[in-house]
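S.K.: I have a structure I would like to understand better, so I am pasting it below and will then ask my questions one at a time.
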Amino acid sequence: MTSPQAPSPPIPSAWRIADADESGVTRLAERLALKLAVGDVVALHGDLGAGKTTFARALIRAVLADAEAEIPSPTFSLVQTYASNRFELAHLDLYRLASEDELIELGLDESLAAGVAIIEWPERAPGLRAANRLDVHLVQGSGDDLRSITLTGNGSWAARLQRLAGIAAFLDGHPPWNAASAAYLQGDASARAYARLDGTQGKAILMDQPRQPDGPPIRGGLPYSRISQLAEDVRPFVAVAAALREAGLSAPEIYAADLDRGFLLLEDFGDRVFGNEIANGTDQAELWQAATEALLVLSTLPVPEVIPLPDGSTHRVPLQDRSVLGIEVELLPDWYWLAIHGQPIPPDVRAEFMALWDGIFARLASERKGWVLRDYHSPNLVWLPDREGFRRAGVLDFQDALQGSLAYDLVSLLQDARLDVPPALEDELLAYYLRMRAAVDPAFDAEAFRFAYAALGVQRNTKILGIFARLAMRDGKRAYLRHIPRIWRYLARGLAHPALADLSRWFDRYLPADIRHEPPDVPHQSPAI
């Protein structure tokens with residue numbers, strides 16, 4: 001049950017922690033590790049005996065996710081390096097540095113290009129500059145094992161330090177979670193961040209989602225996020241989670257929430273994400289069957305007019321209308337075309353593409369509306385074998401939920417962007433879904449649903465091509481490109497529907513089959529579009 005919304009205490013620009021004991025130092029290091037990023041310098045200041053090496057070791061162990069790791073002192077070698085699954089880590093002790101020129105020999109620039117540097121005695125190199133630097137000042141406290149710690153953020157660390165101080169304030173308001181250990185969890189392509197807390201109450205997930213400022217206006221004075229109805233804070237997540245849990249679906253319980261700052265404490269479903277389960281030998285058909293059954297339950301539920309929130313406000317579930325669907329398919333001409341052809345799409349070709357979609361969207365508009373969780377696929381589904389039936393499919397990442405076609409989530413599941421769903425399994429579960437819907441609703445139109453399934457599969461996969469190209473070009477996240485040949489295979493399945501023949505011909509004319517089999521060679525740049 002979500003706790004009442006508490007007032008958010010002010011967060012200072014610098015953060016001071018008085019009389020931290022050994023466990024407090026370890027806890028602070030774990031939380032700092034959550035926010036470290038490539039290019040960071042963590043500069044540790046303090047007199048001999050102030051605890052700089054103790055803090056550095058705690059921070060390195062937190063990054064390595066190994067509380068027992070042996071961390072030798074770099075006093076004589078000046079530098080020790082480590083490899084984590086996130087980035088490389090360099091631990092430097094500059095006490096014996098003869099001159100700043102030695103920093104070049106130590107490879108500091110190379111370390112920052114690939115990872116993070118933790119530096120003791122940074123005063124020995126007064127010319128050392130780093131765009132994103134966290135200064136940590138340690139002073140011996142009132143007892144042998146106590147010290148006060150003052151942190152000051154420079155560059156992007158100023159905002160990150162505020163988030164860390166906010167996390168501490170949030171957890172302090174919900175003991176005993178404030179004493180829990182924290183471990184980094186890999187997130188998704190969004191600005192949300194996650195950590196697993198492990199304490200005396202068991203485990204929980206800390207979700208950290210600062211309110212996202214609107215981007216530049218792109219149409220009608222509105223940014224992309226507003227047009228596409230993406231959640232800009234945690235309120236939609238809290239609202240939709242409550243609605244799903246009330247219906248009996250396995251959405252995480254919310255233990256505590258700070259809706260203003262964007263912090264949630266969530267039930268921990270564990271690590272049995274569908275993709276991992278397949279790799280570990282669980283039958284894919286069993287997993288996808290449970291997830292399909294959850295969608296059948298969801299299909300019977302009306303979308304509430306408004307959903308109440310703990311702070312007295314409400315959330316209204318947006319409509320998946322032509323503006324939402326249209327702005328998403330535009331990602332292909334705006335980004336994927338540019339990635340493939342190296343230049344913007346000709347205006348007449350773009351106009352032809354969007355005109356074809358207008359006719360499809362008009363036909364979809366007459367569909368019965370229901371819940372659309374929007375990202376219902378393997379990265380957001382967790383296997384919970386101790387539960388029964390459809391509740392074995394734990395559901396995550398539904399903050400962008402809409403009112404729209406019930407076909408959308410089914411095709412998201414059966415044409416999973418991150419892993420292969422065999423055509424035979426897709427056909428079997430689609431047929432099962434259609435039979436079950438028809439059994440409880442005599443008015444159910446299976447042919448209309450098949451059209452919506454094909455059209456929205458093409459719409460979603462078109463959007464994903466654009467998103468993966470954008471992630472590679474704008475953000476340098478090239479790993480997503482490996483999925484593109486799979487997306488094209490799914491697109492071919494959807495475009496085979498007779499009602500999509502004109503759109504299929506557009507794809508064949510401008511993005512022919514010979515460019516669909518390999519990931520594109522996408523340059524990392526930020527095109528002005």
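Residue names in the structure tokens use chain letters A, B, ... in the order shown, residue numbers from 1 in each chain, and ligand numbers from 1 in the order shown.
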Restrict the calculation to only C-alpha atoms, then for each residue of region 368-395 of chain A with any atom at most 12 Å from an atom of region 450-460 of chain A give the closest atom pair and their distance in Å to one decimal, rows by chain and rising residue number, as a tab-separated table.
M.R.:
residue	atom	partner	partner_atom	distance
A:Arg368	CA	A:Ala452	CA	10.7
A:Lys369	CA	A:Ala452	CA	11.8
A:Val372	CA	A:Leu456	CA	11.8
A:Arg374	CA	A:Arg460	CA	9.6
A:Asp375	CA	A:Arg460	CA	10.1
A:Tyr376	CA	A:Arg460	CA	11.7
S.K.: What's around Phe237 (chain A) at 7 Å? Count only C-alpha atoms, leave out sequence neighbours fewer than 4 positions away in its own chain, and write the answer as a PyMOL selection string.
M.R.: chain A and resi 241+398-399
S.K.: Restricting the calculation to only C-alpha atoms, which member of A:Ala204, A:Ile119, A:Ala169, A:Ala501 is positioned closest to Ser73 (chain A)?
M.R.: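 Of all the options, A:Ile119 lies closest to Ser73 (chain A).
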S.K.: I'd like the neighbourhood of region 275-285 of chain A as a PDB file with all heavy atoms, in the first residue's frame, where a residue qualifies if any of its atoms comes within 8 Å (using only C-alpha atoms), though same-chain residues fewer than 2 positions away should be ignored.
M.R.:
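Once written, part20.pdb looks like this:
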ATOM      1  N   ARG A 272      13.991 -12.537 -12.925  1.00  0.00           N
ATOM      2  CA  ARG A 272      13.584 -13.550 -13.906  1.00  0.00           C
ATOM      3  C   ARG A 272      12.810 -12.903 -15.053  1.00  0.00           C
ATOM      4  O   ARG A 272      11.662 -13.244 -15.357  1.00  0.00           O
ATOM      5  CB  ARG A 272      12.795 -14.654 -13.222  1.00  0.00           C
ATOM      6  CG  ARG A 272      13.587 -15.343 -12.112  1.00  0.00           C
ATOM      7  CD  ARG A 272      12.881 -16.555 -11.549  1.00  0.00           C
ATOM      8  NE  ARG A 272      12.823 -17.653 -12.526  1.00  0.00           N
ATOM      9  CZ  ARG A 272      12.390 -18.880 -12.236  1.00  0.00           C
ATOM     10  NH1 ARG A 272      11.993 -19.177 -11.010  1.00  0.00           N
ATOM     11  NH2 ARG A 272      12.340 -19.810 -13.176  1.00  0.00           N
ATOM     12  N   VAL A 273      13.467 -11.927 -15.696  1.00  0.00           N
ATOM     13  CA  VAL A 273      12.891 -11.257 -16.858  1.00  0.00           C
ATOM     14  C   VAL A 273      12.732 -12.289 -17.980  1.00  0.00           C
ATOM     15  O   VAL A 273      13.538 -13.213 -18.119  1.00  0.00           O
ATOM     16  CB  VAL A 273      13.794 -10.085 -17.290  1.00  0.00           C
ATOM     17  CG1 VAL A 273      13.263  -9.412 -18.544  1.00  0.00           C
ATOM     18  CG2 VAL A 273      13.917  -9.086 -16.152  1.00  0.00           C
ATOM     19  N   LEU A 287       5.880 -19.008 -21.107  1.00  0.00           N
ATOM     20  CA  LEU A 287       5.986 -17.608 -20.713  1.00  0.00           C
ATOM     21  C   LEU A 287       4.988 -16.746 -21.488  1.00  0.00           C
ATOM     22  O   LEU A 287       4.230 -15.953 -20.910  1.00  0.00           O
ATOM     23  CB  LEU A 287       7.407 -17.101 -20.957  1.00  0.00           C
ATOM     24  CG  LEU A 287       8.556 -17.792 -20.207  1.00  0.00           C
ATOM     25  CD1 LEU A 287       9.886 -17.336 -20.764  1.00  0.00           C
ATOM     26  CD2 LEU A 287       8.479 -17.495 -18.720  1.00  0.00           C
ATOM     27  N   TRP A 288       5.013 -16.899 -22.809  1.00  0.00           N
ATOM     28  CA  TRP A 288       4.177 -16.041 -23.655  1.00  0.00           C
ATOM     29  C   TRP A 288       2.686 -16.377 -23.495  1.00  0.00           C
ATOM     30  O   TRP A 288       1.842 -15.508 -23.636  1.00  0.00           O
ATOM     31  CB  TRP A 288       4.633 -16.164 -25.107  1.00  0.00           C
ATOM     32  CG  TRP A 288       5.561 -15.068 -25.524  1.00  0.00           C
ATOM     33  CD1 TRP A 288       5.304 -14.078 -26.435  1.00  0.00           C
ATOM     34  CD2 TRP A 288       6.896 -14.818 -25.058  1.00  0.00           C
ATOM     35  NE1 TRP A 288       6.389 -13.236 -26.559  1.00  0.00           N
ATOM     36  CE2 TRP A 288       7.376 -13.662 -25.724  1.00  0.00           C
ATOM     37  CE3 TRP A 288       7.734 -15.444 -24.140  1.00  0.00           C
ATOM     38  CZ2 TRP A 288       8.647 -13.145 -25.507  1.00  0.00           C
ATOM     39  CZ3 TRP A 288       8.999 -14.928 -23.916  1.00  0.00           C
ATOM     40  CH2 TRP A 288       9.443 -13.793 -24.596  1.00  0.00           C
ATOM     41  N   GLN A 289       2.379 -17.627 -23.161  1.00  0.00           N
ATOM     42  CA  GLN A 289       0.996 -18.006 -22.895  1.00  0.00           C
ATOM     43  C   GLN A 289       0.473 -17.254 -21.666  1.00  0.00           C
ATOM     44  O   GLN A 289      -0.637 -16.692 -21.682  1.00  0.00           O
ATOM     45  CB  GLN A 289       0.895 -19.513 -22.661  1.00  0.00           C
ATOM     46  CG  GLN A 289      -0.485 -20.011 -22.242  1.00  0.00           C
ATOM     47  CD  GLN A 289      -1.440 -20.170 -23.415  1.00  0.00           C
ATOM     48  OE1 GLN A 289      -0.997 -20.385 -24.535  1.00  0.00           O
ATOM     49  NE2 GLN A 289      -2.737 -20.074 -23.145  1.00  0.00           N
ATOM     50  N   SER A 378       9.235  -8.436 -23.671  1.00  0.00           N
ATOM     51  CA  SER A 378      10.068  -9.238 -22.772  1.00  0.00           C
ATOM     52  C   SER A 378      10.882  -8.437 -21.750  1.00  0.00           C
ATOM     53  O   SER A 378      11.005  -8.892 -20.609  1.00  0.00           O
ATOM     54  CB  SER A 378      10.997 -10.143 -23.584  1.00  0.00           C
ATOM     55  OG  SER A 378      11.865  -9.395 -24.412  1.00  0.00           O
ATOM     56  N   PRO A 379      11.461  -7.264 -22.064  1.00  0.00           N
ATOM     57  CA  PRO A 379      12.227  -6.569 -21.027  1.00  0.00           C
ATOM     58  C   PRO A 379      11.373  -6.109 -19.840  1.00  0.00           C
ATOM     59  O   PRO A 379      11.910  -5.836 -18.764  1.00  0.00           O
ATOM     60  CB  PRO A 379      12.813  -5.360 -21.771  1.00  0.00           C
ATOM     61  CG  PRO A 379      12.761  -5.712 -23.208  1.00  0.00           C
ATOM     62  CD  PRO A 379      11.546  -6.565 -23.358  1.00  0.00           C
ATOM     63  N   TRP A 383       8.996 -13.338 -14.882  1.00  0.00           N
ATOM     64  CA  TRP A 383       8.390 -14.639 -14.595  1.00  0.00           C
ATOM     65  C   TRP A 383       8.271 -14.833 -13.090  1.00  0.00           C
ATOM     66  O   TRP A 383       9.259 -14.742 -12.362  1.00  0.00           O
ATOM     67  CB  TRP A 383       9.227 -15.736 -15.217  1.00  0.00           C
ATOM     68  CG  TRP A 383       8.663 -17.124 -15.169  1.00  0.00           C
ATOM     69  CD1 TRP A 383       9.286 -18.242 -14.698  1.00  0.00           C
ATOM     70  CD2 TRP A 383       7.386 -17.569 -15.661  1.00  0.00           C
ATOM     71  NE1 TRP A 383       8.485 -19.341 -14.857  1.00  0.00           N
ATOM     72  CE2 TRP A 383       7.312 -18.952 -15.439  1.00  0.00           C
ATOM     73  CE3 TRP A 383       6.308 -16.913 -16.255  1.00  0.00           C
ATOM     74  CZ2 TRP A 383       6.199 -19.714 -15.799  1.00  0.00           C
ATOM     75  CZ3 TRP A 383       5.194 -17.669 -16.608  1.00  0.00           C
ATOM     76  CH2 TRP A 383       5.142 -19.039 -16.380  1.00  0.00           C
ATOM     77  N   LEU A 419      13.849  -9.963 -28.896  1.00  0.00           N
ATOM     78  CA  LEU A 419      14.166 -11.367 -29.132  1.00  0.00           C
ATOM     79  C   LEU A 419      13.168 -11.964 -30.116  1.00  0.00           C
ATOM     80  O   LEU A 419      12.094 -11.418 -30.345  1.00  0.00           O
ATOM     81  CB  LEU A 419      14.216 -12.167 -27.828  1.00  0.00           C
ATOM     82  CG  LEU A 419      13.024 -12.077 -26.871  1.00  0.00           C
ATOM     83  CD1 LEU A 419      11.888 -12.971 -27.305  1.00  0.00           C
ATOM     84  CD2 LEU A 419      13.472 -12.466 -25.473  1.00  0.00           C
ATOM     85  N   LEU A 425       4.602 -19.740 -33.064  1.00  0.00           N
ATOM     86  CA  LEU A 425       4.116 -19.370 -31.730  1.00  0.00           C
ATOM     87  C   LEU A 425       3.246 -18.125 -31.808  1.00  0.00           C
ATOM     88  O   LEU A 425       2.207 -18.032 -31.132  1.00  0.00           O
ATOM     89  CB  LEU A 425       5.297 -19.151 -30.785  1.00  0.00           C
ATOM     90  CG  LEU A 425       4.931 -18.763 -29.348  1.00  0.00           C
ATOM     91  CD1 LEU A 425       4.052 -19.826 -28.689  1.00  0.00           C
ATOM     92  CD2 LEU A 425       6.205 -18.524 -28.518  1.00  0.00           C
TER      93      LEU A 425
END
S.K.: Considering only alpha helix (DSSP H) as DSSP defines it on the backbone, what residues of region 293-323 of chain A qualify? List them as a PyMOL selection string.
M.R.: chain A and resi 293-299+322-323
S.K.: Could you work out how far CA of Leu465 (chain A) lies from CA of Asp502 (chain A), giving the answer in Å with one decimal?
M.R.: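 Atom-to-atom, CA of Asp502 (chain A) to CA of Leu465 (chain A), that is 19.6 Å.
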S.K.: As an exercise, work out the distance from CA of Ala469 (chain A) to CA of Leu481 (chain A) in Å and give it to one decimal place.
M.R.: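 Going from CA of Ala469 (chain A) over to CA of Leu481 (chain A) covers 7.1 Å.
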S.K.: Go through A:Asp271, A:Asp409, A:Asp321, A:Asp135 and flag the residue nearest Leu298 (chain A), using only C-alpha atoms for the distances.
M.R.: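 Looking only at the distances to Leu298 (chain A), the closest residue turns out to be A:Asp409.
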S.K.: If we count only C-alpha atoms, what is near Val41 (chain A) at a cut-off of 9 Å, once residues fewer than 5 positions away on the same chain are taken out, given as an NGL selection string?
M.R.: :A and (112 or 116-119 or 129-135)
S.K.: Taking 3 positions as the minimum chain separation for residues in the same chain, which residues sit within 12 Å of region 439-446 of chain A when counting only C-alpha atoms? Answer as a list of chain:residue names.
M.R.: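 Listed by chain and then number, they are A:Leu296, A:Val297, A:Ser299, A:Thr300, A:Glu367, A:Arg368, A:Leu406, A:Ala407, A:Leu430, A:Ala431, A:Tyr432, A:Tyr433, A:Leu434, A:Arg435, A:Met436, A:Phe449, A:Arg450, A:Phe451, A:Ala452, A:Tyr453.
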S.K.: Within 6 Å of Ala62 (chain A), counting only C-alpha atoms, which residues qualify if same-chain residues fewer than 3 places away don't, as an MDAnalysis selection string?
M.R.: chainID A and resid 30 59 65
S.K.: Taking the backbone alone, and naming residues the way the document does, which bits of region 66-304 of chain A are strand (DSSP E) by DSSP, as a PyMOL selection string?
M.R.: chain A and resi 79-83+88-93+115-120+133-140+147-154+181-185+193-199+202-208+254-258+263-267
